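**Student:** Okay, handing you the structure first.
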Amino acid sequence: MEFGEMLRDLRRGGGLSQEDLAEASGSSVRTIRELERGRVRTPHRRTVQVMADALQLSDAQRGQFLALARKERFAGADIRAARTRAPATVAPSGAATRHHASTTGEPESGPRRSTGDQDGQVDQPVRIPRQLPAEVPVLIGREKESSAIHRLSEQITAGPGRSTSLVIVHGPPGVGKTSLVIAVAHQISSRFPDGQLFADLRGMSATGPTPVADVLAELLRSLAVPDAAIPPPGAARDGLLRTLLRDRRVLIVLDNAFDEAQVRALVPANARSMVLVTCRRPLSGLDATERLRLDVLSRTDARRMLGALIGRRRADADPSGVDRLVQLCGRLPLALRVAGNRLASRRDWSVRQLVDRLHGQPHRLSLLTAGDLDVRAAFTVSYRQLRPLTAAVFRSAAVIAGADFDAALAAAAAGVHVDEATVACEELLDAGLLQSAADRYSFHDLVRLFAAERLDDEAAPGRGPAHERAVRWLLAHTQRAALTFRADATADSYRRDARAWLEREAPNRPMAVRDAARHGWHTDVVQVTKTRDRYFDATTQHHPAGSPPAGSGPVRVGAQDQGVPHPRR
């Protein structure tokens, strides 16, 4: 709805003629007639306010009425700017200028243009928000993801589709989501001449995410809506933002989102705009145009990043040290940036000196901090938002020695039902604290260290009980699986499933046997050895201790169907 249409509808709804409204507001009949016809594109603020008083509007109606009037002033000023080629971005002066600059990122001074109407309009600034934060000085890699966002912005420029383009960039903590989005936003900003808005939704804040109503209010202020014209929290405030952005080509960056509901209310309802969202979760409930998951850097890009941070000559002087540092940082961009910044600030350190300091695993996370950059803190904010049972599964899984594990082994370590562990592992995957491949889960090396810290600090007996549960479960599981290869044992389908399980758990089983021997569980070790040998004999192959034969596909049935033990019910 245009301002003139709303004025006419409100006047008629109140049973007023143009003459009645003119008398009540102190305006001329001609002014009201021209406003209703849309011939006056820049209604004076004072004129609109007295008309709102004369019409006796409700708070919600008044807010929308004032906002539409301000939108008309924007549109009228843009038309004149196109005719006169006047500058598009101006700012007010004095205290208002300083407030505007603090909320929108605009400069504190600039040209002003007259926007007079029949009532003697005074100079009115046109405000176009340019709120993007500064880019990080070193952004390496991410060419694929960057190209995807560029292509989408080009499609909007060529011809908008049917809805706002929504891009969700998600991934584990410390992987560089914000750095990528801000860098690309700067690169494509010229395609959105009506402004670039930025909001930190504080989804991972220890004090909780920013309420949607507060974010909406800040965005409206950035669009020059005065506090008095901002509707109360609710549908009216959401609608006002969509109204103001309806015909505009804007880029909105929503950083650090908490959930779908927080984002949904901030997406404009037009096809000329683009919204970039960063979040640790994939926000599967949103109809995104594109979802981009970030992972750790490739080894080549990780080495390039360190070289850019510490200087190419310094990196080339110790290539093996750089490779080891990349490994200790797990190719995680945040850890690499911390390590690079520490070396850059300590010119007397060699790369090898930092490598030697980080090599002691119990202290690695404590050393990966530089100023307000802190790897442990990045993991902590995700951990604090977990359900208690999910947090327990996360901590306990740190005792699993192999590179990966399934939900059943995680359940055994935590002492919970396998179905509960399955849900927990999926939640950890969404939170970026676990990785996955098929039905297997794994830790990033630094996340595993963090999980072990939490287990030692928060589980009263430490990691001993979880470790014992995992080892005993693996031993019993191995015995049951190997027994299916007796001559008088079960059908071939069960043997195939058992064989697949034995192969999948091959990295975990030898460690479990060694730990059992170390704890003096000799009976269990002997039984596992006998049943394992029976398995090898049945498959007519010979293998070194602890190694199963190669081949076979994935498990087709659950542990309970294989006749092997599973965690307590």
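Scheme for the structure tokens: letters A, B, ... for chains in order shown; per-chain residue numbers from 1; ligand numbers from 1 in order shown.
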Enumerate, as a PyMOL selection string, the complete set of residues in range 325-472 of chain A that a backbone-based DSSP assignment places in strand (DSSP E or B).
**Tutor:** chain A and resi 369-370+373-374+405+435-437+440-442
**Student:** List as a ChimeraX atom specification the protein and nucleic acid residues near range 214-227 of chain A, meaning an atom at most 9 Å away when only C-alpha atoms are counted, but skip any in the same chain fewer than 5 places from it.
**Tutor:** /A:66-67,70,100,103-104,126-129,131,197-201,233,237-238,240-241,244,265-266
**Student:** Rounded to one decimal place, report the CA of Ile156 in chain A-CA of Arg272 in chain A distance in Å.
**Tutor:**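 Here the two named atoms are 6.3 Å from each other.
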**Student:** Mind checking DSSP for range 167-247 of chain A and telling me the alpha helix (DSSP H) residues as number ranges by chain?
**Tutor:** A: 177-188, 212-222, 235-245
**Student:** From the options A:Glu143, A:Asp406, A:Asp323, A:Asp515, which residue's atoms come nearest to Asp419 in chain A, counting only C-alpha atoms?
**Tutor:**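 Checking each candidate against Asp419 in chain A, we get A:Asp406 as the closest.
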**Student:** If I take CA of Gln56 in chain A and CA of Pro268 in chain A, how far is one from the other in Å, to one decimal?
**Tutor:**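 Straight-line distance from CA of Gln56 in chain A to CA of Pro268 in chain A works out to 29.7 Å.
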**Student:** Tell me which protein, DNA and RNA residues are within 12 Å of Leu306 in chain A, counting only C-alpha atoms, leaving out same-chain ones fewer than 3 positions away, and put them as number ranges by chain.
**Tutor:** A: 138-140, 297, 299-303, 309-316, 318-319, 321-327, 329, 331-344, 351
**Student:** Go through A:Ser273, A:Ser284, A:Gln64, A:Ser17 one by one, measure the shortest atom-to-atom distance of each to His170 in chain A using only C-alpha atoms, and give the residue with the smallest value.
**Tutor:**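 Closest residue, counting only C-alpha atoms: A:Ser284.
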**Student:** When you look at Phe450 in chain A with a cut-off of 8 Å (counting only C-alpha atoms), what residues show up, excluding the ones that are within fewer than 5 positions of it in the same chain? I need them as a list in words.
**Tutor:**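 With the cut-off at 8 Å, the set is Leu365, Arg376 and Phe379 of chain A.
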**Student:** Per residue of range 134-200 of chain A within 12 Å of range 435-444 of chain A, which atom pair is closest and at what distance in Å (one decimal), using only C-alpha atoms, listed by chain and increasing number, as JSON lines?
**Tutor:**
```
{"residue": "A:Gly171", "atom": "CA", "partner": "A:Gln435", "partner_atom": "CA", "distance": 10.0}
{"residue": "A:Pro172", "atom": "CA", "partner": "A:Gln435", "partner_atom": "CA", "distance": 8.9}
{"residue": "A:Pro173", "atom": "CA", "partner": "A:His444", "partner_atom": "CA", "distance": 10.8}
{"residue": "A:Gly174", "atom": "CA", "partner": "A:His444", "partner_atom": "CA", "distance": 11.5}
{"residue": "A:Val175", "atom": "CA", "partner": "A:His444", "partner_atom": "CA", "distance": 11.4}
```
**Student:** How would the residues just picked look written out with N, CA and C atoms as a compact mmCIF listing (two decimals), in the first residue's frame?
**Tutor:**
```
# COMPACT_ATOMS: atom_id res chain seq x y z
N GLY A 171 28.38 -24.64 9.75
CA GLY A 171 29.54 -25.49 9.98
C GLY A 171 29.99 -25.41 11.42
N PRO A 172 31.00 -26.18 11.79
CA PRO A 172 31.44 -26.25 13.19
C PRO A 172 32.06 -24.95 13.66
N PRO A 173 32.21 -24.79 14.98
CA PRO A 173 32.82 -23.57 15.51
C PRO A 173 34.26 -23.40 15.03
N GLY A 174 34.62 -22.15 14.75
CA GLY A 174 36.00 -21.84 14.37
C GLY A 174 36.36 -22.12 12.94
N VAL A 175 35.36 -22.44 12.10
CA VAL A 175 35.67 -22.83 10.73
C VAL A 175 35.71 -21.62 9.78
```
